[in-house]
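**Q** Here it is: the structure, laid out below.
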Amino acid sequence: MTDSVDGDFPPHTRPLPPQLEARIAAFENAPPPAEFDGASWIWMILLGAAIPLLLLAVGWRS
Amino acid sequence: MTAVAELRADESAWPMLAQERTWGAVRLTLTLATTAAATWCYLIGESVGSYLGFVKGGLALGAGCMIGMLLVLLAAGPTCVRYGIDSIAAAKPQFGSRGWVVPAALQAISIIGWNSLLIIFFAKSAVQLSVALGILDPSPRNAAWIPVLTVIACAIIFTVLRRGATGVSMVSNILVAHVFIGLWMLYLLVSRRWPELIAAVPVNASQDHLWNYTTGIELGIGATLSWWPYIGAMIRMAPNARTIVLPVMLGMAAPVPLLSLIGLAGSLVLKSSDPTEWLRVVGGPTYAIVSLTFVTAANFGTTTAGIYASAIGLRNFAVLQKCTWATLLLITIAPVALVGIFIPELFFAKFGNFLALIGVAFAPLCGIQIVDYFVLRRGRIDIRAIYTDAPQRPYYFWGGINPAAMIALGAGCLTYVALLNPLSYGSAALYPYLTASLPAAASAAMVYFLVSLAVIRAHRGGYRQSLRMSVATSPSVPRAT
């Protein structure tokens, strides 16, 4: 896209660059990307909550 | 080859497609570990060593780092990895299509700050290494080399990053060895000075043991919260959410407390967190040269990743979208170079305050993102709206700004400061029981949720649309066509 084409539009109505448009369309036309699965949540709870609490308990008693 | 494939996606802030996201768990772990493990760990360890002994300090710091990392992962992780975008783009659904400049400013301040510190550390280590190798004579005038070495380091980083994310990964593959050298340094100190280490008394410890312990935890949380600006640019290279959890929690969170033990032990026993100073005392000149070489190299990995993440963040500004990658890198590196050249000592001396100020800002930011993604939007993001600044788009809110995020961010910062003064470390009575970062995140999340109810009622923010999408894609309900 050239500068002169961009200049024809106010900033908030300017069309997206074609490559960005294609990327967004690729996401919109596909199924929603996968989220964290069950194993991911277990690891997060273990490493981000359970083990820290254990470390804190051990440290406080030391 | 399609138009999409021709784009250097890792040099833009645009969403990365599945076929471009090629970093597996091992590559991501190496990159994150190299990013996290730098000489700032020694300074973090020294800060903890002011209040706690070796064992207690190590455990409090370790727990704090893991908790802080979880917050960052839950805040930025889901959106960044699902859509292949960086941390700043992931903040647009909360802050608005123009309000995102607030987290962008926080990112810039944080990354410039951290990288300036690392570049200064690099230059100092390089001078010491030159002295140890006999290239320079010991002299106070060697400080004059620091600006020169800063410029050289910036030039090397610029050259490496001309290759985009590949440059970051390449550097990480080489420099990850310094993590093991760091552990070796820790082993040396612990094995040779254990009795002194256990008997050492922290110099600034309060008479309130709980306050000291909580401060150790708080420093750990604050240290890992500062990964928020970095994490998006790295994890967006991974193909899916499942791939990132262990690399982030182990590769990025674990090296910090482990290597911080070096600074903690050094500050307790030898009253210096800088291993390049005390390794000469503990192991003689050969050890000093080995450690200096790796300490010098270590900062390259982190600074390279930081400059990369910052450059990607800047791409979100429309005016910078058409810049060449080289120009963008120069814009990103320039402030770091200027700090390293003109005010290295002043900046070095104020590190503790800088660390505390980061906690003030990023804890509320994480709270806002978590409640927005998991509670209000049920995991549904409008990827088109992230890149569109138009009144009819959902993340435009009012004038491109979401007042809920601004109010919540302010409330979170006030909560933090009310509990712990980040400059003086004066604290409220509740601080030893709560920390400051966690209540700041929780209060910001709560305020954001409550104010967002009014935003939803005003049909702004795309929340109703997100809920409809959530219901439509629920496993129990057929997908909308």
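Residues in the structure tokens are named by chain (A, B, ... in the order shown) and by number from 1 within that chain; ligands are numbered from 1 in the order shown.
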Find the residues of chain A that sit at most 7 Å from chain B; for each, write down the nearest two atoms and how far apart they are in Å, to one decimal. Count only C-alpha atoms. Sort by chain, then by number going up, and give it as a tab-separated table.
**A**
```
residue	atom	partner	partner_atom	distance
A:His12	CA	B:Ala390	CA	4.7
A:Thr13	CA	B:Ala390	CA	6.2
A:Gln19	CA	B:Val4	CA	5.5
A:Leu20	CA	B:Trp14	CA	6.4
A:Ala22	CA	B:Val4	CA	6.6
A:Arg23	CA	B:Pro15	CA	6.6
A:Ile24	CA	B:Arg384	CA	6.0
A:Pro33	CA	B:Arg82	CA	5.5
A:Ala34	CA	B:Asn240	CA	6.7
A:Glu35	CA	B:Ala241	CA	5.7
A:Phe36	CA	B:Ala241	CA	5.2
A:Asp37	CA	B:Arg242	CA	6.4
A:Ser40	CA	B:Arg242	CA	5.9
A:Met44	CA	B:Leu70	CA	6.8
A:Leu47	CA	B:Met66	CA	6.6
A:Gly48	CA	B:Ile67	CA	5.0
A:Ala49	CA	B:Ile67	CA	6.3
A:Pro52	CA	B:Ala63	CA	4.1
A:Leu53	CA	B:Ala63	CA	7.0
A:Leu55	CA	B:Leu59	CA	5.6
A:Leu56	CA	B:Ala60	CA	6.0
A:Gly59	CA	B:Lys56	CA	4.9
A:Trp60	CA	B:Lys56	CA	6.9
A:Ser62	CA	B:Lys56	CA	6.6
```
**Q** Counting only C-alpha atoms, which residue out of B:Met446, B:Ile370, B:Ala223, B:Ala405 sits closest to B:Leu357?
**A**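 Using only C-alpha atoms, the shortest distance to B:Leu357 belongs to B:Ala223.
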**Q** Which residues of stretch 159-274 of chain B come within 9 Å of stretch 291-306 of chain B, and for each one, what is the closest pair of atoms and their distance in Å to one decimal, counting only C-alpha atoms, sorted by chain and residue number, as JSON lines?
**A**
```
{"residue": "B:Val160", "atom": "CA", "partner": "B:Thr304", "partner_atom": "CA", "distance": 7.9}
{"residue": "B:Leu161", "atom": "CA", "partner": "B:Thr304", "partner_atom": "CA", "distance": 7.1}
{"residue": "B:Ala165", "atom": "CA", "partner": "B:Ala305", "partner_atom": "CA", "distance": 8.4}
{"residue": "B:Gly167", "atom": "CA", "partner": "B:Thr304", "partner_atom": "CA", "distance": 8.3}
{"residue": "B:Val168", "atom": "CA", "partner": "B:Ala305", "partner_atom": "CA", "distance": 5.8}
{"residue": "B:Ser169", "atom": "CA", "partner": "B:Ala305", "partner_atom": "CA", "distance": 8.7}
{"residue": "B:Val171", "atom": "CA", "partner": "B:Gly301", "partner_atom": "CA", "distance": 5.9}
{"residue": "B:Ser172", "atom": "CA", "partner": "B:Gly301", "partner_atom": "CA", "distance": 5.9}
{"residue": "B:Ile174", "atom": "CA", "partner": "B:Gly301", "partner_atom": "CA", "distance": 8.9}
{"residue": "B:Leu175", "atom": "CA", "partner": "B:Ala298", "partner_atom": "CA", "distance": 6.3}
{"residue": "B:Val176", "atom": "CA", "partner": "B:Ala298", "partner_atom": "CA", "distance": 8.0}
{"residue": "B:Ala177", "atom": "CA", "partner": "B:Phe294", "partner_atom": "CA", "distance": 8.3}
{"residue": "B:His178", "atom": "CA", "partner": "B:Phe294", "partner_atom": "CA", "distance": 5.6}
{"residue": "B:Val179", "atom": "CA", "partner": "B:Ala298", "partner_atom": "CA", "distance": 8.3}
{"residue": "B:Ile181", "atom": "CA", "partner": "B:Ser291", "partner_atom": "CA", "distance": 7.2}
{"residue": "B:Gly182", "atom": "CA", "partner": "B:Ser291", "partner_atom": "CA", "distance": 7.9}
{"residue": "B:Met185", "atom": "CA", "partner": "B:Ser291", "partner_atom": "CA", "distance": 7.6}
{"residue": "B:Pro229", "atom": "CA", "partner": "B:Gly306", "partner_atom": "CA", "distance": 8.4}
{"residue": "B:Tyr230", "atom": "CA", "partner": "B:Gly306", "partner_atom": "CA", "distance": 6.3}
{"residue": "B:Ala233", "atom": "CA", "partner": "B:Ala305", "partner_atom": "CA", "distance": 8.6}
{"residue": "B:Met234", "atom": "CA", "partner": "B:Ala305", "partner_atom": "CA", "distance": 8.2}
```
**Q** Per DSSP on the backbone, what are the alpha helix (DSSP H) residues of stretch 114-293 of chain B, as an MDAnalysis selection string?
**A** chainID B and resid 114:132 145:161 165:175 177:199 209:225 228:235 241:246 255:269 275:283 285:293
**Q** Can you tell me, as a count of residues only, what residues are no more than 10 Å from B:Trp145 when counting only C-alpha atoms, ignoring any on the same chain fewer than 5 positions away?
**A** 6
**Q** Just to confirm, what's the straight-line distance from atom CA of B:Ala90 to atom CA of B:Thr39 in Å (one decimal)?
**A** 28.8 Å
**Q** Mind checking which residues fall within 12 Å of B:Thr415, counting only C-alpha atoms, ignoring those fewer than 5 positions away in the same chain, and posting them as a list of chain:residue names?
**A** B:Gly359, B:Val360, B:Ala361, B:Ala363, B:Pro364, B:Ala408, B:Leu409, B:Gly410, B:Leu420, B:Asn421, B:Pro422, B:Ser427, B:Ala428, B:Leu430, B:Tyr431, B:Leu434, B:Thr435, B:Ala436, B:Ser437, B:Leu438, B:Pro439, B:Ala440, B:Ala441, B:Ala442, B:Ser443, B:Ala444, B:Ala445, B:Met446, B:Val447
**Q** Take the residues from that selection and put them in a file with C-alpha atoms, as a PDB file, in the first residue's frame.
**A**
```
ATOM      1  CA  GLY B 359       6.433  -4.129  40.892  1.00  0.00           C
ATOM      2  CA  VAL B 360       4.159  -1.143  41.404  1.00  0.00           C
ATOM      3  CA  ALA B 361       3.120  -1.061  37.760  1.00  0.00           C
ATOM      4  CA  ALA B 363       1.316  -6.333  39.332  1.00  0.00           C
ATOM      5  CA  PRO B 364      -1.916  -4.378  38.663  1.00  0.00           C
ATOM      6  CA  ALA B 408      -7.966  -0.216  37.961  1.00  0.00           C
ATOM      7  CA  LEU B 409      -4.316   0.425  37.183  1.00  0.00           C
ATOM      8  CA  GLY B 410      -4.411   3.509  39.399  1.00  0.00           C
ATOM      9  CA  LEU B 420       4.969  -0.724  50.701  1.00  0.00           C
ATOM     10  CA  ASN B 421       6.815   2.435  49.781  1.00  0.00           C
ATOM     11  CA  PRO B 422       9.013   1.248  46.931  1.00  0.00           C
ATOM     12  CA  SER B 427       5.411  -0.440  55.046  1.00  0.00           C
ATOM     13  CA  ALA B 428       1.882  -0.719  56.410  1.00  0.00           C
ATOM     14  CA  LEU B 430      -0.741  -5.522  56.725  1.00  0.00           C
ATOM     15  CA  TYR B 431       2.265  -5.771  54.393  1.00  0.00           C
ATOM     16  CA  LEU B 434      -0.014  -9.920  52.296  1.00  0.00           C
ATOM     17  CA  THR B 435       3.060  -8.725  50.340  1.00  0.00           C
ATOM     18  CA  ALA B 436       2.441  -5.637  48.196  1.00  0.00           C
ATOM     19  CA  SER B 437       2.348  -7.050  44.652  1.00  0.00           C
ATOM     20  CA  LEU B 438      -0.358  -9.647  45.276  1.00  0.00           C
ATOM     21  CA  PRO B 439      -2.871  -7.223  46.861  1.00  0.00           C
ATOM     22  CA  ALA B 440      -2.038  -4.703  44.119  1.00  0.00           C
ATOM     23  CA  ALA B 441      -2.891  -7.297  41.472  1.00  0.00           C
ATOM     24  CA  ALA B 442      -6.013  -8.419  43.345  1.00  0.00           C
ATOM     25  CA  SER B 443      -7.332  -4.893  43.944  1.00  0.00           C
ATOM     26  CA  ALA B 444      -6.723  -3.921  40.316  1.00  0.00           C
ATOM     27  CA  ALA B 445      -8.549  -7.059  39.181  1.00  0.00           C
ATOM     28  CA  MET B 446     -11.486  -6.346  41.465  1.00  0.00           C
ATOM     29  CA  VAL B 447     -11.782  -2.681  40.474  1.00  0.00           C
TER      30      VAL B 447
END
```
**Q** Quick one: pull the distance between atom CA of B:Ile331 and atom CA of B:Val101, Å, one decimal.
**A**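 Separating atom CA of B:Ile331 from atom CA of B:Val101 is a distance of 16.8 Å.
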**Q** Would you mind listing what lies within 10 Å of B:Ser116 as a list in words, with only C-alpha atoms counted and same-chain residues fewer than 2 positions away left out?
**A** Ser110, Ile111, Ile112, Gly113, Trp114, Leu118, Ile119, Ile120, Phe121, Phe122, Thr150, Thr303, Ile333, Pro335, Val336, Ala337, Leu338, Val339, Gly340, Ile341, Ile343, Pro344, Phe347 and Phe348 of chain B
**Q** So how far away is atom CA of B:Gly49 from atom CA of B:Pro255, in Å?
**A** 17.4 Å
